[in-house]
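These notes are about the structure you will find just below.
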Amino acid sequence: MANKDLVTREVSYQGRGCMLKAFVVEPVATGPRAAVIVVQEWWGLNEHIRDVARRLGREGYFAIAPDLYSRQGHQVATEPNLAEQLMGGLKKEDGIADLQTTVEWLRAQKPTQSARIGITGFCMGGSYAMGLPCETREIAAAAPFYGEIPPDDRLKNLGCPIFYAYGENDGWIQRIDVDRLASALTKFDKQGEVKTYPGCSHGFFNDTRQDVHRPAEAKDAWERTLKLFAANLKR
């Protein structure tokens, strides 16, 4: 399906535990290009996450949003009880494995065989966007939004520059862990920026949730994300 200068499609590929599905966006122009993995919130692979992938496509990236609930029947939640149930049913090691499979799938595609790969994610997806670069050297830049912070024994393995976005009123992610991340970047000599947005709550980037969305802060975080990707993904 073409949308101005974009082509969008649904793809499937074999994962460790099941057949994975994903939403792919790529510019119409041919040739190699950098890739970005977009990792869902606890709601699932919904329209908001697809829209984030389309935004990255418009920036010239090959964007892929894998469905991390593929093992649970590709469900998408609209209310917190189901979202909590789905997130709780996804083992972290399975989520990481499915993202590693996604990297392998990208490496098998002609436009991204030799591409630099970035990752971004939000809420639950922010945790995976923070964790995956500690597990593999395939990730060249990571922009986690309000995700869980790995312990220091994993942070010391962080393999790429990061931009981490956090709202000071976040009720899920503890400020002490965010401060620990900032300290770890210095302690382990890692490149990165940790940005705390005053007055913002968990989910402030999500423009489909008017109860928490903060347009100015979301715009700033997105611009910093694009700056990170432009510096580290584009040759």
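By convention here, the chains of the structure tokens are called A, B, ... in the order presented, each chain's residues are numbered starting at 1, and ligands are numbered starting at 1 in the order presented.
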Per-residue nearest contacts of stretch 83-191 of chain A to stretch 195-201 of chain A (8 Å; only C-alpha atoms) as a Markdown table:
| residue | atom | partner | partner_atom | distance |
| --- | --- | --- | --- | --- |
| A:Phe163 | CA | A:Lys195 | CA | 7.6 |
| A:Tyr164 | CA | A:Lys195 | CA | 6.2 |
| A:Ala165 | CA | A:Lys195 | CA | 5.2 |
| A:Tyr166 | CA | A:Thr196 | CA | 4.8 |
| A:Gly167 | CA | A:Cys200 | CA | 4.4 |
| A:Glu168 | CA | A:Pro198 | CA | 5.3 |
| A:Asn169 | CA | A:Ser201 | CA | 4.7 |
| A:Asp170 | CA | A:Ser201 | CA | 4.5 |
| A:Gly171 | CA | A:Ser201 | CA | 7.1 |
Can you write just those residues out, all heavy atoms, as a CSV table (one decimal), in the first residue's frame?
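What ended up in selection.csv:
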chain,number,residue,atom,x,y,z
A,163,PHE,N,19.4,7.8,23.5
A,163,PHE,CA,18.6,9.0,24.0
A,163,PHE,C,17.5,8.4,24.8
A,163,PHE,O,16.6,7.6,24.3
A,163,PHE,CB,18.0,9.9,22.9
A,163,PHE,CG,17.0,10.8,23.4
A,163,PHE,CD1,17.3,11.8,24.3
A,163,PHE,CD2,15.7,10.7,23.1
A,163,PHE,CE1,16.4,12.7,24.8
A,163,PHE,CE2,14.7,11.5,23.6
A,163,PHE,CZ,15.0,12.5,24.5
A,164,TYR,N,17.4,8.7,26.1
A,164,TYR,CA,16.4,8.1,27.0
A,164,TYR,C,15.5,9.3,27.5
A,164,TYR,O,15.9,10.2,28.0
A,164,TYR,CB,17.0,7.4,28.2
A,164,TYR,CG,16.0,6.8,29.2
A,164,TYR,CD1,15.7,5.5,29.0
A,164,TYR,CD2,15.4,7.5,30.1
A,164,TYR,CE1,14.7,4.9,29.9
A,164,TYR,CE2,14.4,7.0,31.0
A,164,TYR,CZ,14.1,5.6,30.8
A,164,TYR,OH,13.2,5.0,31.7
A,165,ALA,N,14.2,9.1,27.2
A,165,ALA,CA,13.2,10.2,27.5
A,165,ALA,C,12.4,9.7,28.7
A,165,ALA,O,11.9,8.6,28.8
A,165,ALA,CB,12.3,10.4,26.3
A,166,TYR,N,12.2,10.7,29.7
A,166,TYR,CA,11.5,10.3,30.9
A,166,TYR,C,10.7,11.5,31.4
A,166,TYR,O,11.1,12.7,31.3
A,166,TYR,CB,12.5,10.0,32.0
A,166,TYR,CG,12.0,9.7,33.4
A,166,TYR,CD1,11.3,8.5,33.6
A,166,TYR,CD2,12.2,10.5,34.4
A,166,TYR,CE1,10.8,8.2,34.9
A,166,TYR,CE2,11.7,10.2,35.7
A,166,TYR,CZ,11.0,9.1,35.9
A,166,TYR,OH,10.6,8.7,37.2
A,167,GLY,N,9.4,11.3,31.9
A,167,GLY,CA,8.6,12.3,32.5
A,167,GLY,C,8.8,12.3,34.0
A,167,GLY,O,8.7,11.3,34.6
A,168,GLU,N,9.0,13.5,34.6
A,168,GLU,CA,9.3,13.5,36.0
A,168,GLU,C,8.1,13.0,36.9
A,168,GLU,O,8.3,12.6,38.0
A,168,GLU,CB,9.6,14.9,36.4
A,168,GLU,CG,8.5,15.9,36.5
A,168,GLU,CD,8.8,17.2,37.2
A,168,GLU,OE1,9.9,17.3,37.8
A,168,GLU,OE2,8.0,18.2,37.1
A,169,ASN,N,6.9,13.0,36.4
A,169,ASN,CA,5.8,12.5,37.1
A,169,ASN,C,5.4,11.0,36.8
A,169,ASN,O,4.3,10.6,37.0
A,169,ASN,CB,4.5,13.4,36.9
A,169,ASN,CG,4.8,14.8,37.4
A,169,ASN,OD1,5.6,15.0,38.3
A,169,ASN,ND2,4.0,15.7,36.9
A,170,ASP,N,6.3,10.3,36.2
A,170,ASP,CA,6.1,8.9,35.8
A,170,ASP,C,5.8,8.1,37.0
A,170,ASP,O,6.6,8.0,38.0
A,170,ASP,CB,7.3,8.4,35.1
A,170,ASP,CG,7.1,7.1,34.3
A,170,ASP,OD1,6.5,6.2,34.9
A,170,ASP,OD2,7.4,7.1,33.1
A,171,GLY,N,4.6,7.4,37.0
A,171,GLY,CA,4.3,6.6,38.1
A,171,GLY,C,4.7,5.1,38.0
A,171,GLY,O,4.4,4.3,38.9
**Test item: residues at most 6 Å from A:Asp67, only C-alpha atoms, excluding those fewer than 4 positions along its chain, as a list in words** = Lys21, Ala22 and Leu45 of chain A
Contacts of stretch 147-149 of chain A at 9 Å or less, counting only C-alpha atoms, minus same-chain residues fewer than 5 places along, as a PDB file with C-alpha atoms, in the first residue's frame?
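The result, stored in result_31.pdb:
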ATOM      1  CA  GLY A 121      10.115   1.954  21.970  1.00  0.00           C
ATOM      2  CA  PHE A 122       7.592   3.260  24.444  1.00  0.00           C
ATOM      3  CA  CYS A 123       6.482   2.045  27.886  1.00  0.00           C
ATOM      4  CA  MET A 124       6.943  -1.742  27.661  1.00  0.00           C
ATOM      5  CA  GLY A 125       8.652  -1.135  24.331  1.00  0.00           C
ATOM      6  CA  GLY A 126      10.986   1.352  25.978  1.00  0.00           C
ATOM      7  CA  SER A 127      12.173  -1.443  28.260  1.00  0.00           C
ATOM      8  CA  TYR A 128      12.997  -3.594  25.232  1.00  0.00           C
ATOM      9  CA  ALA A 129      14.589  -0.671  23.380  1.00  0.00           C
ATOM     10  CA  MET A 130      16.802  -0.164  26.417  1.00  0.00           C
ATOM     11  CA  GLY A 131      17.535  -3.858  26.896  1.00  0.00           C
ATOM     12  CA  LEU A 155      24.309  -1.623  31.234  1.00  0.00           C
ATOM     13  CA  TYR A 164      16.377   8.123  27.012  1.00  0.00           C
ATOM     14  CA  ALA A 165      13.183  10.166  27.527  1.00  0.00           C
ATOM     15  CA  TYR A 166      11.474  10.335  30.934  1.00  0.00           C
ATOM     16  CA  TRP A 172       5.808   3.404  36.624  1.00  0.00           C
ATOM     17  CA  ILE A 173       9.520   4.060  36.168  1.00  0.00           C
ATOM     18  CA  GLN A 174      11.356   5.192  39.293  1.00  0.00           C
ATOM     19  CA  ASP A 177      16.678   4.145  38.258  1.00  0.00           C
ATOM     20  CA  VAL A 178      16.735   6.920  35.672  1.00  0.00           C
ATOM     21  CA  ARG A 180      21.307   5.388  37.874  1.00  0.00           C
ATOM     22  CA  LEU A 181      21.206   5.179  34.070  1.00  0.00           C
TER      23      LEU A 181
END
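Residue nearest A:Gln100, chosen from A:Ala221, A:Ala83, A:Ile49, A:Ile37 and counting only C-alpha atoms: A:Ile37.
Among A:Lys190, A:Asp152, A:Gln72, A:Phe23, the residue with the shortest atom-to-atom distance to A:Gln85, counting only C-alpha atoms, is A:Gln72.
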**Request:** Write down as a ChimeraX atom specification the residues belonging to stretch 8-227 of chain A that are assigned helix (DSSP H, G or I) by DSSP computed on the backbone.
**Result:** /A:47-58,70-72,80-88,92-107,110-112,124-134,152-155,175-187,215-227
Keeping only C-alpha atoms, write the selected residues to a file as an mmCIF file, in the first residue's frame.
data_model
loop_
_atom_site.group_PDB
_atom_site.id
_atom_site.type_symbol
_atom_site.label_atom_id
_atom_site.label_comp_id
_atom_site.auth_asym_id
_atom_site.auth_seq_id
_atom_site.Cartn_x
_atom_site.Cartn_y
_atom_site.Cartn_z
ATOM 1 C CA GLU A 47 -2.494 2.355 15.214
ATOM 2 C CA HIS A 48 -0.303 4.691 17.288
ATOM 3 C CA ILE A 49 2.743 2.436 16.906
ATOM 4 C CA ARG A 50 2.015 2.044 13.198
ATOM 5 C CA ASP A 51 1.894 5.833 12.936
ATOM 6 C CA VAL A 52 5.311 6.133 14.624
ATOM 7 C CA ALA A 53 6.658 3.705 12.022
ATOM 8 C CA ARG A 54 5.156 5.824 9.245
ATOM 9 C CA ARG A 55 6.795 8.951 10.705
ATOM 10 C CA LEU A 56 10.158 7.213 10.533
ATOM 11 C CA GLY A 57 9.442 6.112 6.984
ATOM 12 C CA ARG A 58 8.858 9.729 6.033
ATOM 13 C CA SER A 70 2.419 -12.762 18.245
ATOM 14 C CA ARG A 71 2.809 -15.575 20.781
ATOM 15 C CA GLN A 72 -0.521 -14.501 22.301
ATOM 16 C CA PRO A 80 -5.540 -1.516 30.960
ATOM 17 C CA ASN A 81 -6.615 -4.862 32.431
ATOM 18 C CA LEU A 82 -6.096 -6.713 29.165
ATOM 19 C CA ALA A 83 -2.909 -4.763 28.431
ATOM 20 C CA GLU A 84 -1.492 -5.740 31.812
ATOM 21 C CA GLN A 85 -2.449 -9.364 31.196
ATOM 22 C CA LEU A 86 -0.786 -9.402 27.780
ATOM 23 C CA MET A 87 2.389 -7.708 28.987
ATOM 24 C CA GLY A 88 2.556 -10.079 31.955
ATOM 25 C CA LYS A 92 11.341 -10.811 28.723
ATOM 26 C CA GLU A 93 13.632 -13.405 27.198
ATOM 27 C CA ASP A 94 10.958 -14.199 24.594
ATOM 28 C CA GLY A 95 10.545 -10.526 23.723
ATOM 29 C CA ILE A 96 14.307 -10.129 23.306
ATOM 30 C CA ALA A 97 14.436 -13.298 21.177
ATOM 31 C CA ASP A 98 11.659 -11.997 18.908
ATOM 32 C CA LEU A 99 13.496 -8.691 18.489
ATOM 33 C CA GLN A 100 16.704 -10.550 17.646
ATOM 34 C CA THR A 101 14.736 -12.498 15.053
ATOM 35 C CA THR A 102 13.500 -9.172 13.684
ATOM 36 C CA VAL A 103 17.112 -8.036 13.299
ATOM 37 C CA GLU A 104 17.858 -11.276 11.449
ATOM 38 C CA TRP A 105 14.862 -10.653 9.166
ATOM 39 C CA LEU A 106 16.151 -7.147 8.425
ATOM 40 C CA ARG A 107 19.549 -8.583 7.539
ATOM 41 C CA LYS A 110 18.083 -6.361 0.274
ATOM 42 C CA PRO A 111 17.583 -2.696 1.334
ATOM 43 C CA THR A 112 18.796 -3.387 4.878
ATOM 44 C CA MET A 124 6.943 -1.742 27.661
ATOM 45 C CA GLY A 125 8.652 -1.135 24.331
ATOM 46 C CA GLY A 126 10.986 1.352 25.978
ATOM 47 C CA SER A 127 12.173 -1.443 28.260
ATOM 48 C CA TYR A 128 12.997 -3.594 25.232
ATOM 49 C CA ALA A 129 14.589 -0.671 23.380
ATOM 50 C CA MET A 130 16.802 -0.164 26.417
ATOM 51 C CA GLY A 131 17.535 -3.858 26.896
ATOM 52 C CA LEU A 132 18.261 -5.078 23.351
ATOM 53 C CA PRO A 133 21.404 -2.936 22.839
ATOM 54 C CA CYS A 134 22.803 -4.557 25.981
ATOM 55 C CA ASP A 152 24.420 -2.154 35.911
ATOM 56 C CA ASP A 153 25.910 -5.545 35.067
ATOM 57 C CA ARG A 154 23.946 -5.370 31.818
ATOM 58 C CA LEU A 155 24.309 -1.623 31.234
ATOM 59 C CA ARG A 175 13.480 8.353 39.163
ATOM 60 C CA ILE A 176 16.227 6.607 41.139
ATOM 61 C CA ASP A 177 16.678 4.145 38.258
ATOM 62 C CA VAL A 178 16.735 6.920 35.672
ATOM 63 C CA ASP A 179 19.432 8.693 37.692
ATOM 64 C CA ARG A 180 21.307 5.388 37.874
ATOM 65 C CA LEU A 181 21.206 5.179 34.070
ATOM 66 C CA ALA A 182 22.680 8.673 33.773
ATOM 67 C CA SER A 183 25.442 7.717 36.219
ATOM 68 C CA ALA A 184 26.089 4.424 34.425
ATOM 69 C CA LEU A 185 26.671 6.202 31.113
ATOM 70 C CA THR A 186 29.502 8.116 32.754
ATOM 71 C CA LYS A 187 30.793 5.211 34.822
ATOM 72 C CA PRO A 215 2.717 18.059 22.602
ATOM 73 C CA ALA A 216 5.678 20.392 23.174
ATOM 74 C CA GLU A 217 7.666 17.852 25.167
ATOM 75 C CA ALA A 218 6.781 15.041 22.734
ATOM 76 C CA LYS A 219 8.002 17.210 19.850
ATOM 77 C CA ASP A 220 11.285 17.884 21.614
ATOM 78 C CA ALA A 221 11.812 14.191 22.414
ATOM 79 C CA TRP A 222 11.059 13.224 18.807
ATOM 80 C CA GLU A 223 13.515 15.807 17.464
ATOM 81 C CA ARG A 224 16.219 14.452 19.792
ATOM 82 C CA THR A 225 15.410 10.928 18.639
ATOM 83 C CA LEU A 226 15.764 11.911 14.989
ATOM 84 C CA LYS A 227 19.014 13.721 15.744
#
**Request:** Name all residues at most 7 Å from stretch 231-235 of chain A (count only C-alpha atoms; drop same-chain ones fewer than 3 positions away) and give them as an NGL selection string.
**Result:** :A and (34 or 116-118 or 140-141 or 227-228)
